[in-house]
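Have a look at final34.json below; it lists JSON, C-alpha atoms.
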[["chain", "number", "residue", "atom", "x", "y", "z"],
["A", 3, "MET", "CA", 165.54, -22.52, 203.66],
["A", 4, "LYS", "CA", 163.38, -23.61, 200.72],
["A", 5, "THR", "CA", 164.79, -26.60, 198.84],
["A", 6, "LEU", "CA", 164.19, -28.19, 195.46],
["A", 7, "GLU", "CA", 162.28, -31.14, 196.92],
["A", 8, "GLU", "CA", 158.90, -29.71, 195.90],
["A", 9, "LEU", "CA", 159.98, -29.66, 192.28],
["A", 10, "LYS", "CA", 160.00, -33.45, 192.14],
["A", 11, "ALA", "CA", 156.36, -33.50, 193.18],
["A", 12, "ILE", "CA", 155.51, -30.91, 190.52],
["A", 13, "ARG", "CA", 157.29, -32.98, 187.91],
["A", 14, "GLU", "CA", 155.44, -36.14, 188.82],
["A", 15, "LYS", "CA", 152.14, -34.29, 188.72],
["A", 16, "MET", "CA", 152.90, -32.68, 185.38],
["A", 17, "GLN", "CA", 154.05, -35.78, 183.56],
["A", 18, "GLY", "CA", 151.97, -36.52, 180.52],
["A", 19, "GLN", "CA", 150.37, -33.11, 180.28],
["A", 20, "ILE", "CA", 153.19, -31.15, 178.77],
["A", 21, "GLY", "CA", 153.00, -29.43, 175.44],
["A", 22, "LEU", "CA", 149.55, -28.05, 176.17],
["A", 23, "ARG", "CA", 150.82, -24.50, 176.36],
["A", 24, "SER", "CA", 152.91, -24.47, 173.21],
["A", 25, "GLU", "CA", 152.54, -21.38, 171.06],
["A", 26, "THR", "CA", 150.15, -21.61, 168.17],
["A", 27, "ALA", "CA", 148.99, -19.27, 165.43],
["A", 28, "SER", "CA", 145.69, -18.72, 167.21],
["A", 29, "GLN", "CA", 147.44, -17.35, 170.27],
["A", 30, "THR", "CA", 147.35, -13.71, 171.34],
["A", 31, "ARG", "CA", 150.79, -12.27, 172.04],
["A", 32, "VAL", "CA", 151.24, -9.64, 174.73],
["A", 33, "VAL", "CA", 154.64, -8.01, 174.30],
["A", 34, "VAL", "CA", 156.33, -5.89, 176.96],
["A", 35, "GLY", "CA", 159.29, -3.65, 176.06],
["A", 36, "MET", "CA", 162.12, -4.57, 178.41],
["A", 37, "ALA", "CA", 165.08, -2.54, 177.18],
["A", 38, "THR", "CA", 166.84, 0.04, 179.39],
["A", 39, "CYS", "CA", 164.11, 2.61, 178.68],
["A", 40, "GLY", "CA", 161.32, 0.20, 179.60],
["A", 41, "ILE", "CA", 163.00, -1.14, 182.73],
["A", 42, "ALA", "CA", 163.90, 2.35, 183.96],
["A", 43, "SER", "CA", 160.32, 3.53, 183.62],
["A", 44, "GLY", "CA", 158.80, 0.56, 185.43],
["A", 45, "ALA", "CA", 158.28, -2.27, 182.94],
["A", 46, "ARG", "CA", 159.32, -5.05, 185.33],
["A", 47, "PRO", "CA", 156.27, -4.84, 187.63],
["A", 48, "VAL", "CA", 154.04, -4.48, 184.54],
["A", 49, "LEU", "CA", 155.53, -7.65, 183.06],
["A", 50, "THR", "CA", 155.15, -9.66, 186.26],
["A", 51, "ALA", "CA", 151.60, -8.35, 186.82],
["A", 52, "LEU", "CA", 150.63, -9.47, 183.30],
["A", 53, "SER", "CA", 152.23, -12.90, 183.51],
["A", 54, "ASP", "CA", 150.81, -13.52, 186.99],
["A", 55, "ALA", "CA", 147.31, -12.51, 185.87],
["A", 56, "VAL", "CA", 147.48, -14.68, 182.75],
["A", 57, "GLN", "CA", 148.59, -17.63, 184.89],
["A", 58, "GLU", "CA", 146.06, -17.07, 187.65],
["A", 59, "LYS", "CA", 143.17, -16.76, 185.23],
["A", 60, "ASN", "CA", 144.49, -19.69, 183.23],
["A", 61, "LEU", "CA", 144.39, -17.80, 179.92],
["A", 62, "THR", "CA", 146.18, -20.48, 177.95],
["A", 63, "ASN", "CA", 145.64, -18.77, 174.59],
["A", 64, "ILE", "CA", 147.70, -15.76, 175.67],
["A", 65, "ALA", "CA", 151.49, -15.60, 175.64],
["A", 66, "VAL", "CA", 153.23, -12.82, 177.56],
["A", 67, "VAL", "CA", 156.67, -12.18, 176.10],
["A", 68, "GLN", "CA", 159.46, -9.62, 176.36],
["A", 69, "THR", "CA", 161.06, -7.59, 173.65],
["A", 70, "GLY", "CA", 163.78, -4.96, 173.39],
["A", 71, "CYS", "CA", 163.36, -1.27, 172.70],
["A", 72, "ILE", "CA", 160.18, -0.59, 170.75],
["A", 73, "GLY", "CA", 161.51, 2.83, 169.69],
["A", 74, "LEU", "CA", 159.09, 5.05, 171.63],
["A", 75, "CYS", "CA", 161.08, 5.43, 174.85],
["A", 76, "GLN", "CA", 159.13, 8.47, 176.05],
["A", 77, "TYR", "CA", 155.96, 6.35, 176.20],
["A", 78, "GLU", "CA", 157.42, 3.45, 178.20],
["A", 79, "PRO", "CA", 156.38, 1.15, 179.78],
["A", 80, "ILE", "CA", 154.77, -0.05, 176.54],
["A", 81, "VAL", "CA", 152.61, -3.14, 176.13],
["A", 82, "GLU", "CA", 151.68, -4.32, 172.63],
["A", 83, "VAL", "CA", 148.82, -6.73, 172.03],
["A", 84, "PHE", "CA", 148.88, -8.84, 168.87],
["A", 85, "GLU", "CA", 145.64, -10.67, 168.30],
["A", 86, "PRO", "CA", 145.52, -13.01, 165.30],
["A", 87, "GLY", "CA", 143.82, -11.29, 162.38],
["A", 88, "LYS", "CA", 143.57, -7.93, 164.13],
["A", 89, "GLU", "CA", 145.63, -4.77, 164.11],
["A", 90, "LYS", "CA", 148.29, -4.32, 166.77],
["A", 91, "ILE", "CA", 147.20, -2.35, 169.82],
["A", 92, "THR", "CA", 149.88, -0.31, 171.59],
["A", 93, "TYR", "CA", 149.28, 0.58, 175.22],
["A", 94, "ILE", "CA", 151.56, 3.25, 176.65],
["A", 95, "LYS", "CA", 152.70, 4.53, 180.04],
["A", 96, "MET", "CA", 151.51, 1.35, 181.66],
["A", 97, "THR", "CA", 151.42, 0.49, 185.35],
["A", 98, "PRO", "CA", 150.58, -2.87, 186.95],
["A", 99, "GLU", "CA", 147.06, -1.53, 187.70],
["A", 100, "LYS", "CA", 146.46, -0.39, 184.11],
["A", 101, "ALA", "CA", 147.86, -3.71, 182.87],
["A", 102, "LEU", "CA", 145.33, -5.64, 184.96],
["A", 103, "GLU", "CA", 142.56, -3.47, 183.52],
["A", 104, "VAL", "CA", 143.78, -4.42, 180.03],
["A", 105, "VAL", "CA", 143.73, -8.11, 181.00],
["A", 106, "GLU", "CA", 140.13, -7.83, 182.22],
["A", 107, "LYS", "CA", 138.66, -5.57, 179.55],
["A", 108, "HIS", "CA", 140.70, -6.37, 176.47],
["A", 109, "LEU", "CA", 142.24, -9.84, 176.79],
["A", 110, "ILE", "CA", 139.21, -11.36, 178.49],
["A", 111, "GLY", "CA", 136.41, -8.96, 177.52],
["A", 112, "GLY", "CA", 137.58, -8.32, 173.96],
["A", 113, "LYS", "CA", 137.21, -4.54, 174.25],
["A", 114, "VAL", "CA", 140.26, -2.33, 173.65],
["A", 115, "VAL", "CA", 140.95, 0.04, 176.56],
["A", 116, "GLU", "CA", 140.99, 3.18, 174.41],
["A", 117, "LYS", "CA", 142.18, 5.58, 177.11],
["A", 118, "TYR", "CA", 145.59, 3.88, 177.38],
["A", 119, "ILE", "CA", 146.38, 3.37, 173.71],
["A", 120, "ILE", "CA", 148.91, 5.52, 171.93],
["A", 121, "SER", "CA", 146.57, 7.18, 169.44],
["A", 122, "SER", "CA", 144.51, 8.66, 172.27],
["A", 123, "GLU", "CA", 147.50, 10.89, 173.07],
["A", 124, "GLY", "CA", 146.85, 12.52, 169.71],
["A", 125, "ARG", "CA", 150.48, 12.54, 168.64],
["A", 126, "ILE", "CA", 150.86, 9.49, 166.48],
["B", 4, "MET", "CA", 168.15, 6.39, 185.63],
["B", 5, "MET", "CA", 167.43, 3.12, 187.40],
["B", 6, "THR", "CA", 166.14, 3.22, 190.97],
["B", 7, "GLU", "CA", 167.37, -0.21, 192.07],
["B", 8, "ILE", "CA", 170.55, -2.23, 191.51],
["B", 9, "SER", "CA", 168.30, -5.19, 190.69],
["B", 10, "LEU", "CA", 166.87, -3.27, 187.71],
["B", 11, "ASN", "CA", 170.39, -2.66, 186.41],
["B", 12, "ILE", "CA", 171.08, -6.38, 186.74],
["B", 13, "LEU", "CA", 167.94, -7.20, 184.75],
["B", 14, "ASP", "CA", 168.96, -4.72, 182.07],
["B", 15, "ILE", "CA", 172.56, -5.98, 181.80],
["B", 16, "ALA", "CA", 171.34, -9.59, 181.68],
["B", 17, "GLN", "CA", 169.13, -8.62, 178.71],
["B", 18, "ASN", "CA", 172.38, -7.72, 176.90],
["B", 19, "SER", "CA", 173.59, -11.27, 177.55],
["B", 20, "VAL", "CA", 170.32, -12.62, 176.13],
["B", 21, "ASN", "CA", 170.76, -10.47, 173.03],
["B", 22, "ALA", "CA", 174.34, -11.75, 172.75],
["B", 23, "HIS", "CA", 172.86, -15.29, 172.41],
["B", 24, "ALA", "CA", 174.29, -16.51, 175.71],
["B", 25, "THR", "CA", 173.24, -20.03, 176.74],
["B", 26, "LEU", "CA", 174.51, -19.59, 180.29],
["B", 27, "ILE", "CA", 174.29, -16.42, 182.38],
["B", 28, "GLU", "CA", 175.89, -16.39, 185.82],
["B", 29, "ILE", "CA", 174.73, -13.74, 188.25],
["B", 30, "LEU", "CA", 176.27, -13.17, 191.67],
["B", 31, "VAL", "CA", 175.12, -10.72, 194.32],
["B", 32, "ASP", "CA", 177.53, -10.70, 197.25],
["B", 33, "ILE", "CA", 176.78, -8.49, 200.23],
["B", 34, "ASN", "CA", 179.58, -8.25, 202.76],
["B", 35, "GLN", "CA", 179.00, -6.07, 205.78],
["B", 36, "GLY", "CA", 182.53, -6.81, 207.04],
["B", 37, "THR", "CA", 184.25, -5.21, 204.04],
["B", 38, "ASP", "CA", 181.24, -2.88, 203.54],
["B", 39, "PHE", "CA", 180.89, -3.80, 199.87],
["B", 40, "LEU", "CA", 178.12, -5.10, 197.67],
["B", 41, "THR", "CA", 179.51, -6.89, 194.63],
["B", 42, "VAL", "CA", 177.58, -7.79, 191.50],
["B", 43, "LYS", "CA", 178.99, -10.07, 188.82],
["B", 44, "ILE", "CA", 177.27, -10.92, 185.56],
["B", 45, "ASN", "CA", 179.12, -13.39, 183.35],
["B", 46, "ASP", "CA", 177.84, -14.80, 180.10],
["B", 47, "ASN", "CA", 179.00, -17.07, 177.29],
["B", 48, "GLY", "CA", 177.44, -14.90, 174.59],
["B", 49, "CYS", "CA", 179.05, -13.54, 171.45],
["B", 50, "GLY", "CA", 181.33, -11.16, 173.36],
["B", 51, "MET", "CA", 182.85, -7.89, 172.19],
["B", 52, "THR", "CA", 186.20, -6.80, 170.86],
["B", 53, "SER", "CA", 188.27, -4.72, 173.28],
["B", 54, "GLU", "CA", 187.40, -1.65, 171.23],
["B", 55, "GLN", "CA", 183.64, -2.37, 171.48],
["B", 56, "ALA", "CA", 183.99, -3.14, 175.21],
["B", 57, "ILE", "CA", 185.37, 0.36, 175.80],
["B", 58, "LYS", "CA", 182.77, 1.99, 173.57],
["B", 59, "ALA", "CA", 179.95, 0.12, 175.34],
["B", 60, "GLN", "CA", 180.70, 2.18, 178.45],
["B", 61, "ASP", "CA", 180.04, 5.37, 176.48],
["B", 62, "PRO", "CA", 176.37, 6.44, 176.55],
["B", 63, "PHE", "CA", 176.63, 7.67, 172.97],
["B", 64, "TYR", "CA", 177.49, 4.24, 171.63],
["B", 65, "THR", "CA", 174.97, 1.53, 170.85],
["B", 66, "THR", "CA", 174.67, -1.39, 168.46],
["B", 67, "ARG", "CA", 170.98, -0.89, 167.92],
["B", 68, "THR", "CA", 169.70, 1.18, 165.10],
["B", 69, "THR", "CA", 166.60, 2.77, 166.63],
["B", 70, "ARG", "CA", 168.55, 5.65, 168.19],
["B", 71, "LYS", "CA", 172.00, 6.90, 168.99],
["B", 72, "VAL", "CA", 172.28, 6.26, 172.71],
["B", 73, "GLY", "CA", 172.86, 3.12, 174.76],
["B", 74, "LEU", "CA", 172.46, 3.70, 178.46],
["B", 75, "GLY", "CA", 172.39, 0.24, 180.05],
["B", 76, "ILE", "CA", 176.08, -0.23, 180.82],
["B", 77, "PRO", "CA", 176.75, 3.51, 181.47],
["B", 78, "PHE", "CA", 173.91, 3.59, 184.05],
["B", 79, "PHE", "CA", 175.31, 0.58, 185.87],
["B", 80, "LYS", "CA", 178.85, 1.95, 185.77],
["B", 81, "GLN", "CA", 177.76, 5.35, 187.02],
["B", 82, "ALA", "CA", 175.75, 3.77, 189.84],
["B", 83, "SER", "CA", 178.81, 1.96, 191.16],
["B", 84, "LEU", "CA", 181.32, 4.78, 190.66],
["B", 85, "ASN", "CA", 178.96, 7.23, 192.39],
["B", 86, "CYS", "CA", 179.18, 5.31, 195.63],
["B", 87, "GLY", "CA", 182.84, 4.48, 196.00],
["B", 88, "GLY", "CA", 182.71, 1.31, 193.93],
["B", 89, "GLU", "CA", 184.55, 0.00, 190.89],
["B", 90, "PHE", "CA", 183.35, -1.20, 187.52],
["B", 91, "HIS", "CA", 185.06, -3.73, 185.27],
["B", 92, "LEU", "CA", 184.02, -5.05, 181.91],
["B", 93, "ASP", "CA", 185.99, -7.86, 180.26],
["B", 94, "SER", "CA", 184.91, -9.33, 177.01],
["B", 95, "ALA", "CA", 186.28, -11.51, 174.25],
["B", 96, "PRO", "CA", 184.61, -12.25, 170.92],
["B", 97, "GLY", "CA", 183.29, -15.81, 170.81],
["B", 98, "ILE", "CA", 183.91, -16.34, 174.53],
["B", 99, "GLY", "CA", 181.59, -14.01, 176.38],
["B", 100, "THR", "CA", 181.40, -10.98, 178.63],
["B", 101, "LYS", "CA", 182.14, -10.51, 182.31],
["B", 102, "ILE", "CA", 180.90, -7.51, 184.22],
["B", 103, "LYS", "CA", 181.81, -6.76, 187.81],
["B", 104, "ALA", "CA", 180.48, -3.77, 189.73],
["B", 105, "THR", "CA", 181.09, -3.00, 193.38],
["B", 106, "PHE", "CA", 179.17, -0.60, 195.60],
["B", 107, "LYS", "CA", 180.16, 0.72, 199.00],
["B", 108, "LEU", "CA", 177.36, -0.70, 201.11],
["B", 109, "THR", "CA", 176.90, 2.19, 203.53],
["B", 110, "HIS", "CA", 177.56, 4.96, 201.00],
["B", 111, "ILE", "CA", 174.76, 7.53, 201.13],
["B", 112, "ASP", "CA", 174.42, 7.49, 197.34],
["B", 113, "ARG", "CA", 174.17, 3.71, 196.96],
["B", 114, "MET", "CA", 170.83, 2.84, 195.45],
["B", 115, "PRO", "CA", 168.97, -0.01, 197.12],
["B", 116, "LEU", "CA", 169.51, -3.52, 195.79],
["B", 117, "GLY", "CA", 165.75, -3.76, 195.29],
["B", 118, "ASP", "CA", 163.67, -6.68, 194.21],
["B", 119, "MET", "CA", 166.09, -9.42, 193.12],
["B", 120, "THR", "CA", 163.25, -11.95, 193.23],
["B", 121, "SER", "CA", 161.43, -10.16, 190.40],
["B", 122, "THR", "CA", 164.62, -9.73, 188.40],
["B", 123, "MET", "CA", 165.61, -13.41, 188.56],
["B", 124, "TYR", "CA", 162.03, -14.60, 188.22],
["B", 125, "SER", "CA", 161.46, -12.65, 185.02],
["B", 126, "LEU", "CA", 164.79, -13.76, 183.53],
["B", 127, "ILE", "CA", 164.28, -17.46, 184.32],
["B", 128, "THR", "CA", 160.64, -17.72, 183.30],
["B", 129, "PHE", "CA", 160.78, -15.52, 180.21],
["B", 130, "TYR", "CA", 163.95, -17.10, 178.84],
["B", 131, "PRO", "CA", 163.26, -20.76, 179.64],
["B", 132, "ASP", "CA", 165.86, -21.95, 177.14],
["B", 133, "ILE", "CA", 168.75, -20.08, 178.76],
["B", 134, "ASP", "CA", 170.53, -21.43, 181.83],
["B", 135, "PHE", "CA", 170.97, -19.15, 184.81],
["B", 136, "LEU", "CA", 173.29, -19.74, 187.72],
["B", 137, "TYR", "CA", 172.28, -17.31, 190.43],
["B", 138, "THR", "CA", 174.12, -16.92, 193.73],
["B", 139, "TYR", "CA", 172.94, -14.62, 196.49],
["B", 140, "LYS", "CA", 175.33, -14.17, 199.37],
["B", 141, "VAL", "CA", 174.96, -12.20, 202.58],
["B", 142, "ASN", "CA", 178.18, -12.29, 204.59],
["B", 143, "LYS", "CA", 178.94, -16.01, 205.00],
["B", 144, "ASN", "CA", 175.52, -17.35, 204.10],
["B", 145, "PHE", "CA", 174.36, -17.93, 200.55],
["B", 146, "PHE", "CA", 171.91, -19.75, 198.35],
["B", 147, "VAL", "CA", 172.19, -20.86, 194.74],
["B", 148, "LEU", "CA", 169.56, -21.24, 192.07],
["B", 149, "ASP", "CA", 170.94, -23.26, 189.18],
["B", 150, "THR", "CA", 168.48, -23.82, 186.33],
["B", 151, "LYS", "CA", 170.58, -26.77, 185.13],
["B", 152, "GLU", "CA", 169.85, -28.44, 188.44],
["B", 153, "LEU", "CA", 166.13, -27.61, 188.06],
["B", 154, "ARG", "CA", 166.13, -29.11, 184.57],
["B", 155, "GLY", "CA", 167.76, -32.26, 185.95],
["B", 156, "ILE", "CA", 164.76, -32.70, 188.25],
["B", 157, "LEU", "CA", 162.08, -31.51, 185.82],
["B", 158, "HIS", "CA", 163.25, -33.36, 182.68],
["B", 159, "ASP", "CA", 160.75, -32.32, 180.01],
["B", 160, "VAL", "CA", 158.62, -29.98, 182.14],
["B", 161, "PRO", "CA", 159.54, -26.46, 181.02],
["B", 162, "LEU", "CA", 160.75, -23.77, 183.45],
["B", 163, "ASN", "CA", 157.93, -21.45, 182.36],
["B", 164, "ASP", "CA", 155.24, -23.93, 183.31],
["B", 165, "PRO", "CA", 152.91, -22.04, 185.71],
["B", 166, "GLU", "CA", 153.51, -24.39, 188.66],
["B", 167, "VAL", "CA", 157.26, -24.42, 188.14],
["B", 168, "SER", "CA", 157.48, -20.65, 187.76],
["B", 169, "SER", "CA", 155.48, -20.08, 190.90],
["B", 170, "PHE", "CA", 157.83, -22.47, 192.71],
["B", 171, "VAL", "CA", 160.80, -20.48, 191.37],
["B", 172, "LYS", "CA", 159.25, -17.25, 192.64],
["B", 173, "ASP", "CA", 158.58, -18.67, 196.12],
["B", 174, "PHE", "CA", 162.04, -20.24, 196.27],
["B", 175, "LEU", "CA", 163.66, -16.88, 195.49],
["B", 176, "LYS", "CA", 161.37, -14.91, 197.79],
["B", 177, "GLU", "CA", 161.79, -17.16, 200.82],
["B", 178, "ASN", "CA", 165.54, -17.62, 200.47],
["B", 179, "HIS", "CA", 166.18, -13.90, 199.94],
["B", 180, "ALA", "CA", 164.06, -13.12, 203.00],
["B", 181, "GLU", "CA", 165.86, -15.67, 205.12],
["B", 182, "LEU", "CA", 169.32, -14.36, 204.23],
["B", 183, "ASN", "CA", 168.32, -10.71, 204.51],
["B", 184, "GLY", "CA", 166.75, -11.11, 207.95],
["B", 185, "ASP", "CA", 165.53, -7.72, 209.04],
["B", 186, "THR", "CA", 167.95, -5.78, 206.88],
["B", 187, "TYR", "CA", 166.78, -4.05, 203.75],
["B", 188, "PHE", "CA", 169.77, -4.00, 201.42]]

Will you turn the file into structure tokens for me?
Amino acid sequence: MKTLEELKAIREKMQGQIGLRSETASQTRVVVGMATCGIASGARPVLTALSDAVQEKNLTNIAVVQTGCIGLCQYEPIVEVFEPGKEKITYIKMTPEKALEVVEKHLIGGKVVEKYIISSEGRI
Amino acid sequence: MMTEISLNILDIAQNSVNAHATLIEILVDINQGTDFLTVKINDNGCGMTSEQAIKAQDPFYTTRTTRKVGLGIPFFKQASLNCGGEFHLDSAPGIGTKIKATFKLTHIDRMPLGDMTSTMYSLITFYPDIDFLYTYKVNKNFFVLDTKELRGILHDVPLNDPEVSSFVKDFLKENHAELNGDTYF
């Protein structure tokens, strides 16, 4: 059975370097809809894929956060990207694989993945 | 419709978050002797009046303004009633809400418990300011994850710190696996 012992070591290691990841105005926010509609259509693995990728790649200027119902339940799972000074990008019908593509191409590469954004469906 | 009990738990716990709870207690108790799986979610959020508590179980009631349906609690209730279980919701304004759902373990219509590691991991790391007391019990064996206890060890290191959150994930994964053994609940 795993115990909490390891946490003490993490704490000792981390001392003195806290506060480095606090949210700032220059941070990009990646918002995942996690209401009933989002969860039922598969938002949980999308959320964990995004947060794991952001952690693994050490993208400290990106905050992955949850929100409630975005109001477009038929397009869930939805991921919104808010970059400072830019227009909001809404990705729809996401999967963990598509989310990782967004991390690579958009969050790291700076190029919006047009094929997954809502306007490419031609309805809104 | 949810495909896992763990997704229902995540969804119901989001209600507790929205109700400004500072402590959310989640229990999953699997008992092969009595053949029941019990889920309890208790919070100290804003609570509901008895009238609201009854309405919350109606899919055509919601407090949000984006649309006219609210399916979280009705889904969970339906999931338990569909497999020989019971559903209880007790709430008091200013005190909090308690939800208890039971599921007959071997009922053909019981949905799988699913990935409780992901559910608890996303709650704990995405709401680092809320305390969670999670208990997972299989027959007589159990483990507890109490974020208050984690905070006691971590002091000022936040629960969503990457190293801490990966510890939380491993802790949940390993302890679930150990209690589950070869059984997929």

Practice task
Find the residue from B:Thr52, B:Asp132, B:Leu126, B:Leu74 that sits nearest to chain A; use all atoms listed in the file when measuring.
Solution key: B:Leu74

Exercise for the section: Fewer than 4 positions away in the same chain doesn't count, so skip those; otherwise give me all residues within 9 Å of A:Val115, counting all atoms listed in the file, as a PyMOL selection string. Expected result: chain A and resi 93+103-104+107-108+119

Restrict the selected residues to C-alpha atoms and save them as a PDB file, in the frame of the given file.
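Ended up saving to part_10.pdb:
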ATOM      1  CA  TYR A  93     149.280   0.580 175.220  1.00  0.00           C
ATOM      2  CA  GLU A 103     142.560  -3.470 183.520  1.00  0.00           C
ATOM      3  CA  VAL A 104     143.780  -4.420 180.030  1.00  0.00           C
ATOM      4  CA  LYS A 107     138.660  -5.570 179.550  1.00  0.00           C
ATOM      5  CA  HIS A 108     140.700  -6.370 176.470  1.00  0.00           C
ATOM      6  CA  ILE A 119     146.380   3.370 173.710  1.00  0.00           C
TER       7      ILE A 119
END

For stretch 159-174 of chain B, I'd like the enclosing box, axis-aligned and padded by 4 Å on every side, reported as AutoDock Vina command-line options with centre and edge lengths in Å to one decimal.
--center_x 157.5 --center_y -24.8 --center_z 188.1 --size_x 17.1 --size_y 23.1 --size_z 24.3

Using all atoms listed in the file, I'd like a table of the residues in chain A that come within 6 Å of chain B; for each, show the closest atom pair and its distance in Å rounded to one decimal, ordered by chain and ascending number, as a tab-separated table.
residue	atom	partner	partner_atom	distance
A:Met3	CA	B:Asn178	CA	5.8
A:Lys4	CA	B:Phe174	CA	5.7
A:Arg13	CA	B:Leu157	CA	5.4
A:Thr38	CA	B:Gly75	CA	5.6
A:Ala42	CA	B:Met5	CA	5.0
A:Gly73	CA	B:Thr69	CA	5.9

Practice task
Quote the spacing between atom CA of B:Asp118 and atom CA of B:Gln60 in Å to one decimal place.
Solution key: 24.8 Å

Practice task
Give me, please, the distance in Å between atom CA of B:Ile12 and atom CA of B:Leu26, quoted to one decimal.
Solution key: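 These atoms are spaced 15.1 Å apart.
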
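Counting only C-alpha atoms, the residue from B:Met51, B:Ile8, B:Leu92, B:Leu136 that sits nearest to B:Asp112 is B:Ile8.
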
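Coordinates place atom CA of B:Lys103 at a distance of 12.8 Å from atom CA of B:Gln81.
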
Problem - Shell of 8 Å around A:Val32, all atoms listed in the file, local chain residues under 4 positions omitted, as a list in words - result: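 Once the nearby chain positions are removed, what remains is Ile64, Ala65, Val66, Val67, Val81, Glu82, Val83 and Phe84 of chain A.
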
Problem - Selected residue of minimal separation from A:Leu102 among A:Thr50, A:Gly70, A:Pro86, A:Cys75, counting only C-alpha atoms - result: A:Thr50

Practice task
Find the residues around B:Gly36 up to 12 Å (all atoms listed in the file counted), leave out those fewer than 6 positions away in its own chain, and share them as a VMD selection string.
Solution key: chain B and resid 107 to 109 141 to 143

Practice task
Extract, using only C-alpha atoms, all DNA, RNA and protein residues at most 10 Å from stretch 41-45 of chain B, discarding same-chain residues fewer than 6 positions from it, and format them as JSON, numbers by chain.
Solution key: {"B": [8, 9, 12, 15, 16, 19, 24, 26, 27, 28, 29, 30, 31, 32, 33, 34, 83, 88, 89, 90, 91, 92, 93, 94, 99, 100, 101, 102, 103, 104, 105, 106, 107, 108, 136, 137, 138, 139, 140]}

Using C-alpha atoms, can you write the selected residues to a file as a CSV table (one decimal), keeping the file's coordinate frame?
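Result file follows (again_3.csv):
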chain,number,residue,atom,x,y,z
B,8,ILE,CA,170.6,-2.2,191.5
B,9,SER,CA,168.3,-5.2,190.7
B,12,ILE,CA,171.1,-6.4,186.7
B,15,ILE,CA,172.6,-6.0,181.8
B,16,ALA,CA,171.3,-9.6,181.7
B,19,SER,CA,173.6,-11.3,177.6
B,24,ALA,CA,174.3,-16.5,175.7
B,26,LEU,CA,174.5,-19.6,180.3
B,27,ILE,CA,174.3,-16.4,182.4
B,28,GLU,CA,175.9,-16.4,185.8
B,29,ILE,CA,174.7,-13.7,188.2
B,30,LEU,CA,176.3,-13.2,191.7
B,31,VAL,CA,175.1,-10.7,194.3
B,32,ASP,CA,177.5,-10.7,197.2
B,33,ILE,CA,176.8,-8.5,200.2
B,34,ASN,CA,179.6,-8.2,202.8
B,83,SER,CA,178.8,2.0,191.2
B,88,GLY,CA,182.7,1.3,193.9
B,89,GLU,CA,184.6,0.0,190.9
B,90,PHE,CA,183.4,-1.2,187.5
B,91,HIS,CA,185.1,-3.7,185.3
B,92,LEU,CA,184.0,-5.0,181.9
B,93,ASP,CA,186.0,-7.9,180.3
B,94,SER,CA,184.9,-9.3,177.0
B,99,GLY,CA,181.6,-14.0,176.4
B,100,THR,CA,181.4,-11.0,178.6
B,101,LYS,CA,182.1,-10.5,182.3
B,102,ILE,CA,180.9,-7.5,184.2
B,103,LYS,CA,181.8,-6.8,187.8
B,104,ALA,CA,180.5,-3.8,189.7
B,105,THR,CA,181.1,-3.0,193.4
B,106,PHE,CA,179.2,-0.6,195.6
B,107,LYS,CA,180.2,0.7,199.0
B,108,LEU,CA,177.4,-0.7,201.1
B,136,LEU,CA,173.3,-19.7,187.7
B,137,TYR,CA,172.3,-17.3,190.4
B,138,THR,CA,174.1,-16.9,193.7
B,139,TYR,CA,172.9,-14.6,196.5
B,140,LYS,CA,175.3,-14.2,199.4
